[in-house]
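Just below is one structure, and these are the notes that go with it.
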Amino acid sequence: GRDGSEQQWELLAMEQEEEDVYLRELAGVEDLEHATNLQIVINTTTSTVSHLGSKLGRLEELNLNNSVIASLRDLGTGFRSLTVLWVSRCGLPGLEGIGAMTALRELYASFNDISDLQPLDACSELEVLDLEGNCVSELHSVIYLSACSNLQSLTLTGNPVADLEDYRQQVCSSLTSLQTLDDVDIEEAERTSSSQQRNPPRPAEAQPASPRLQDSPATQHPGE
């Protein structure tokens with residue numbers, strides 16, 4: 001019994017050492033604490049990876065594209081310094097667990113099965129969100145992203161919600177920090193027209209004219 005447990009412990013320690021050697025090689029560092037970038041393919045249904053964040057405490061960019069990830073919770077809570085995460089084509093059913101990555105600024109999670117965006121409420125630093133080819137179907141799901149007050153770029157191409165009639169107008173008016181939607185820059189007129197549709201303008205006297213309008217002779221109307 002005792003010999004068996006000792007052998008088991010030695011085997012576990014050997015596996016950990018092999019893992020550390022592998023990770024150091026992938027990250028290009030001699031000390032995992034100094035690693036800032038890592039690209040690796042994992043399968044959370046067959047391997048435990050929740051400890052990786054504590055080993056890679058300074059990691060800023062993590063690329064897990066083409067992995068098998070049952071849940072982002074499988075990644076644990078140790079990736080506190082992570083600012084960029086790639087999890088495209090990972091079979092992700094949702095974003096639960098993303099809130100543990102409090103410093104996250106860019107999330108690339110295209111071609112998964114994500115429909116609920118509420119977990120992103122916790123990602124207050126998020127600036128770039130790519131969810132192309134997912135399952136977001138409701139506009140109110142997108143409105144949850146208003147909690148991400150720094151969000152500048154959003155991609156929802158290939159989601160059912162992008163086919164809705166007022167999709168672009170509603171998103172532009174609800175997410176005021178957004179600069180780019182589906183790789184197309186947002187024009188100021190889009191925000192104005194969409195907000196006017198939701199909130200009819202006040203009487204003309206309450207609307208100060210822009211300098212450009214004031215400079216134009218009011219009597220000139222083409223076609224009169």
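Scheme for the structure tokens: letters A, B, ... for chains in order shown; per-chain residue numbers from 1; ligand numbers from 1 in order shown.
Around A:Glu187, within 12 Å and counting only C-alpha atoms, the residues found are Arg168, Gln169, Cys172, Ser173, Thr176, Leu178, Gln179, Thr180, Leu181, Val184, Glu190, Arg191, Thr192, Ser193 and Ser194 of chain A, once anything fewer than 3 positions away on its own chain is removed.
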Original post:
Could you pull the residues within 10 Å of stretch 51-62 of chain A, counting only C-alpha atoms, minus those fewer than 3 positions along the same chain, as an MDAnalysis selection string?
Top reply: chainID A and resid 20 23 27 31:40 48 65 74:87 103:104 106
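Each of A:Ile114, A:Ile186, A:Leu26, A:Val21 was checked against A:Ser153 using only C-alpha atoms; the smallest atom-to-atom distance is that of A:Ile186.
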**OP:** Quick one: pick out all strand (DSSP E or B) residues within stretch 104-191 of chain A from a backbone DSSP run and write them as a PyMOL selection string.
**Re:** chain A and resi 106-108+128-130+153-155+180-181+184-185
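Between A:Ser177 and the residues A:Val142, A:Val161, A:Leu154, A:Leu72, the shortest atom-to-atom distance, using only C-alpha atoms, involves A:Leu154.
All residues of protein, DNA or RNA that reach within 12 Å of A:Ser47, judged by only C-alpha atoms and not counting those fewer than 3 positions away in the chain, are A:Glu19, A:Val41, A:Ile42, A:Asn43, A:Thr44, A:Ser50, A:His51, A:Leu52, A:Ser67, A:Val68, A:Ile69, A:Ala70, A:Asp74, A:Leu75.
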Subject >> Non-local contacts of A:Asn112 (6 Å; only C-alpha atoms; under 2 positions in same chain excluded) as a ChimeraX atom specification >> reply: /A:89,91-92,110,114,134
Original post:
Closest to A:Val136 among A:Cys148, A:Cys123, A:Leu117, A:Val49, using only C-alpha atoms?
Top reply: A:Leu117
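Among the candidates A:Gln118, A:Gln170, A:Thr45, A:Thr155, the one nearest to A:Asp183 when counting only C-alpha atoms is A:Thr155.
The gap separating atom CA of A:Gln152 from atom CA of A:Glu127 is 5.2 Å, in Å to one decimal.
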**OP:** Enumerate, as a ChimeraX atom specification, the complete set of residues in stretch 43-178 of chain A that a backbone-based DSSP assignment places in helix (DSSP H, G or I).
**Re:** /A:52-55,72-75,98-100,118-122,139-147,160-163,167-174
May I have the residues from that selection written out with C-alpha atoms, as a PDB file, in the first residue's frame?
```
ATOM      1  CA  LEU A  52      -2.730  26.046 -15.667  1.00  0.00           C
ATOM      2  CA  GLY A  53      -3.690  29.583 -14.673  1.00  0.00           C
ATOM      3  CA  SER A  54      -1.757  29.326 -11.410  1.00  0.00           C
ATOM      4  CA  LYS A  55       1.326  28.077 -13.290  1.00  0.00           C
ATOM      5  CA  LEU A  72     -14.760  27.918 -19.876  1.00  0.00           C
ATOM      6  CA  ARG A  73     -15.074  26.999 -16.202  1.00  0.00           C
ATOM      7  CA  ASP A  74     -12.714  24.122 -17.038  1.00  0.00           C
ATOM      8  CA  LEU A  75      -9.953  26.722 -17.433  1.00  0.00           C
ATOM      9  CA  ILE A  98     -15.510  33.966 -18.540  1.00  0.00           C
ATOM     10  CA  GLY A  99     -16.030  36.306 -15.578  1.00  0.00           C
ATOM     11  CA  ALA A 100     -12.939  34.863 -13.861  1.00  0.00           C
ATOM     12  CA  GLN A 118     -25.087  37.471 -20.085  1.00  0.00           C
ATOM     13  CA  PRO A 119     -21.826  36.028 -18.623  1.00  0.00           C
ATOM     14  CA  LEU A 120     -19.981  38.873 -20.385  1.00  0.00           C
ATOM     15  CA  ASP A 121     -21.571  41.300 -17.894  1.00  0.00           C
ATOM     16  CA  ALA A 122     -18.513  40.685 -15.720  1.00  0.00           C
ATOM     17  CA  LEU A 139     -31.618  41.142 -29.638  1.00  0.00           C
ATOM     18  CA  HIS A 140     -32.042  41.388 -25.877  1.00  0.00           C
ATOM     19  CA  SER A 141     -29.073  39.028 -25.542  1.00  0.00           C
ATOM     20  CA  VAL A 142     -26.925  41.536 -27.406  1.00  0.00           C
ATOM     21  CA  ILE A 143     -28.159  44.379 -25.200  1.00  0.00           C
ATOM     22  CA  TYR A 144     -26.496  42.645 -22.214  1.00  0.00           C
ATOM     23  CA  LEU A 145     -23.246  43.867 -23.744  1.00  0.00           C
ATOM     24  CA  SER A 146     -24.081  47.441 -22.713  1.00  0.00           C
ATOM     25  CA  ALA A 147     -22.422  46.478 -19.407  1.00  0.00           C
ATOM     26  CA  PRO A 160     -29.509  34.356 -36.395  1.00  0.00           C
ATOM     27  CA  VAL A 161     -29.781  37.745 -34.665  1.00  0.00           C
ATOM     28  CA  ALA A 162     -27.887  39.413 -37.537  1.00  0.00           C
ATOM     29  CA  ASP A 163     -30.779  38.570 -39.880  1.00  0.00           C
ATOM     30  CA  TYR A 167     -30.576  44.436 -35.938  1.00  0.00           C
ATOM     31  CA  ARG A 168     -27.949  47.011 -36.885  1.00  0.00           C
ATOM     32  CA  GLN A 169     -29.975  50.035 -35.789  1.00  0.00           C
ATOM     33  CA  GLN A 170     -30.839  48.513 -32.416  1.00  0.00           C
ATOM     34  CA  VAL A 171     -27.274  47.435 -31.699  1.00  0.00           C
ATOM     35  CA  CYS A 172     -25.790  50.791 -32.742  1.00  0.00           C
ATOM     36  CA  SER A 173     -28.164  52.731 -30.502  1.00  0.00           C
ATOM     37  CA  SER A 174     -27.862  50.410 -27.491  1.00  0.00           C
TER      38      SER A 174
END
```
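Pairwise distance (atom CA of A:Glu25, atom CA of A:Val128) equals 29.1 Å.
The gap separating atom CA of A:Asn150 from atom CA of A:Thr102 is 13.4 Å, in Å to one decimal.
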Original post:
Could you name the residues that touch A:Ser88 at 10 Å or less, counting only C-alpha atoms, but leaving out those on the same chain fewer than 6 positions away, as a ChimeraX atom specification?
Top reply: /A:63-67,107-112,130-133
Output file for the residues above (N, CA and C atoms, as a PDB file, in the first residue's frame):
```pdb
ATOM      1  N   ASN A  63      -4.052  31.256 -26.797  1.00  0.00           N
ATOM      2  CA  ASN A  63      -4.723  30.788 -28.013  1.00  0.00           C
ATOM      3  C   ASN A  63      -5.053  29.311 -27.857  1.00  0.00           C
ATOM      4  N   LEU A  64      -6.353  29.013 -27.757  1.00  0.00           N
ATOM      5  CA  LEU A  64      -6.834  27.639 -27.604  1.00  0.00           C
ATOM      6  C   LEU A  64      -7.670  27.204 -28.806  1.00  0.00           C
ATOM      7  N   ASN A  65      -7.522  27.889 -29.929  1.00  0.00           N
ATOM      8  CA  ASN A  65      -8.318  27.567 -31.122  1.00  0.00           C
ATOM      9  C   ASN A  65      -8.252  26.079 -31.459  1.00  0.00           C
ATOM     10  N   ASN A  66      -9.397  25.543 -31.890  1.00  0.00           N
ATOM     11  CA  ASN A  66      -9.509  24.140 -32.324  1.00  0.00           C
ATOM     12  C   ASN A  66      -9.318  23.137 -31.193  1.00  0.00           C
ATOM     13  N   SER A  67      -9.502  23.595 -29.957  1.00  0.00           N
ATOM     14  CA  SER A  67      -9.485  22.688 -28.810  1.00  0.00           C
ATOM     15  C   SER A  67     -10.875  22.101 -28.606  1.00  0.00           C
ATOM     16  N   LEU A 107     -11.819  38.985 -26.940  1.00  0.00           N
ATOM     17  CA  LEU A 107     -12.285  37.599 -26.936  1.00  0.00           C
ATOM     18  C   LEU A 107     -12.669  37.197 -28.354  1.00  0.00           C
ATOM     19  N   TYR A 108     -12.001  36.173 -28.861  1.00  0.00           N
ATOM     20  CA  TYR A 108     -12.273  35.648 -30.199  1.00  0.00           C
ATOM     21  C   TYR A 108     -12.844  34.241 -30.034  1.00  0.00           C
ATOM     22  N   ALA A 109     -14.172  34.126 -30.175  1.00  0.00           N
ATOM     23  CA  ALA A 109     -14.856  32.856 -29.900  1.00  0.00           C
ATOM     24  C   ALA A 109     -15.775  32.477 -31.053  1.00  0.00           C
ATOM     25  N   SER A 110     -15.283  32.625 -32.270  1.00  0.00           N
ATOM     26  CA  SER A 110     -16.110  32.349 -33.450  1.00  0.00           C
ATOM     27  C   SER A 110     -16.331  30.851 -33.642  1.00  0.00           C
ATOM     28  N   PHE A 111     -17.435  30.545 -34.318  1.00  0.00           N
ATOM     29  CA  PHE A 111     -17.789  29.174 -34.714  1.00  0.00           C
ATOM     30  C   PHE A 111     -17.856  28.209 -33.524  1.00  0.00           C
ATOM     31  N   ASN A 112     -18.671  28.594 -32.546  1.00  0.00           N
ATOM     32  CA  ASN A 112     -19.022  27.732 -31.421  1.00  0.00           C
ATOM     33  C   ASN A 112     -20.543  27.616 -31.377  1.00  0.00           C
ATOM     34  N   ASP A 130     -15.519  38.867 -30.855  1.00  0.00           N
ATOM     35  CA  ASP A 130     -15.803  38.206 -32.133  1.00  0.00           C
ATOM     36  C   ASP A 130     -16.572  36.921 -31.856  1.00  0.00           C
ATOM     37  N   LEU A 131     -17.861  36.920 -32.223  1.00  0.00           N
ATOM     38  CA  LEU A 131     -18.724  35.757 -32.030  1.00  0.00           C
ATOM     39  C   LEU A 131     -19.315  35.294 -33.359  1.00  0.00           C
ATOM     40  N   GLU A 132     -18.576  35.478 -34.427  1.00  0.00           N
ATOM     41  CA  GLU A 132     -19.058  35.057 -35.746  1.00  0.00           C
ATOM     42  C   GLU A 132     -19.422  33.569 -35.732  1.00  0.00           C
ATOM     43  N   GLY A 133     -20.545  33.249 -36.403  1.00  0.00           N
ATOM     44  CA  GLY A 133     -20.911  31.854 -36.572  1.00  0.00           C
ATOM     45  C   GLY A 133     -21.328  31.145 -35.300  1.00  0.00           C
TER      46      GLY A 133
END
```
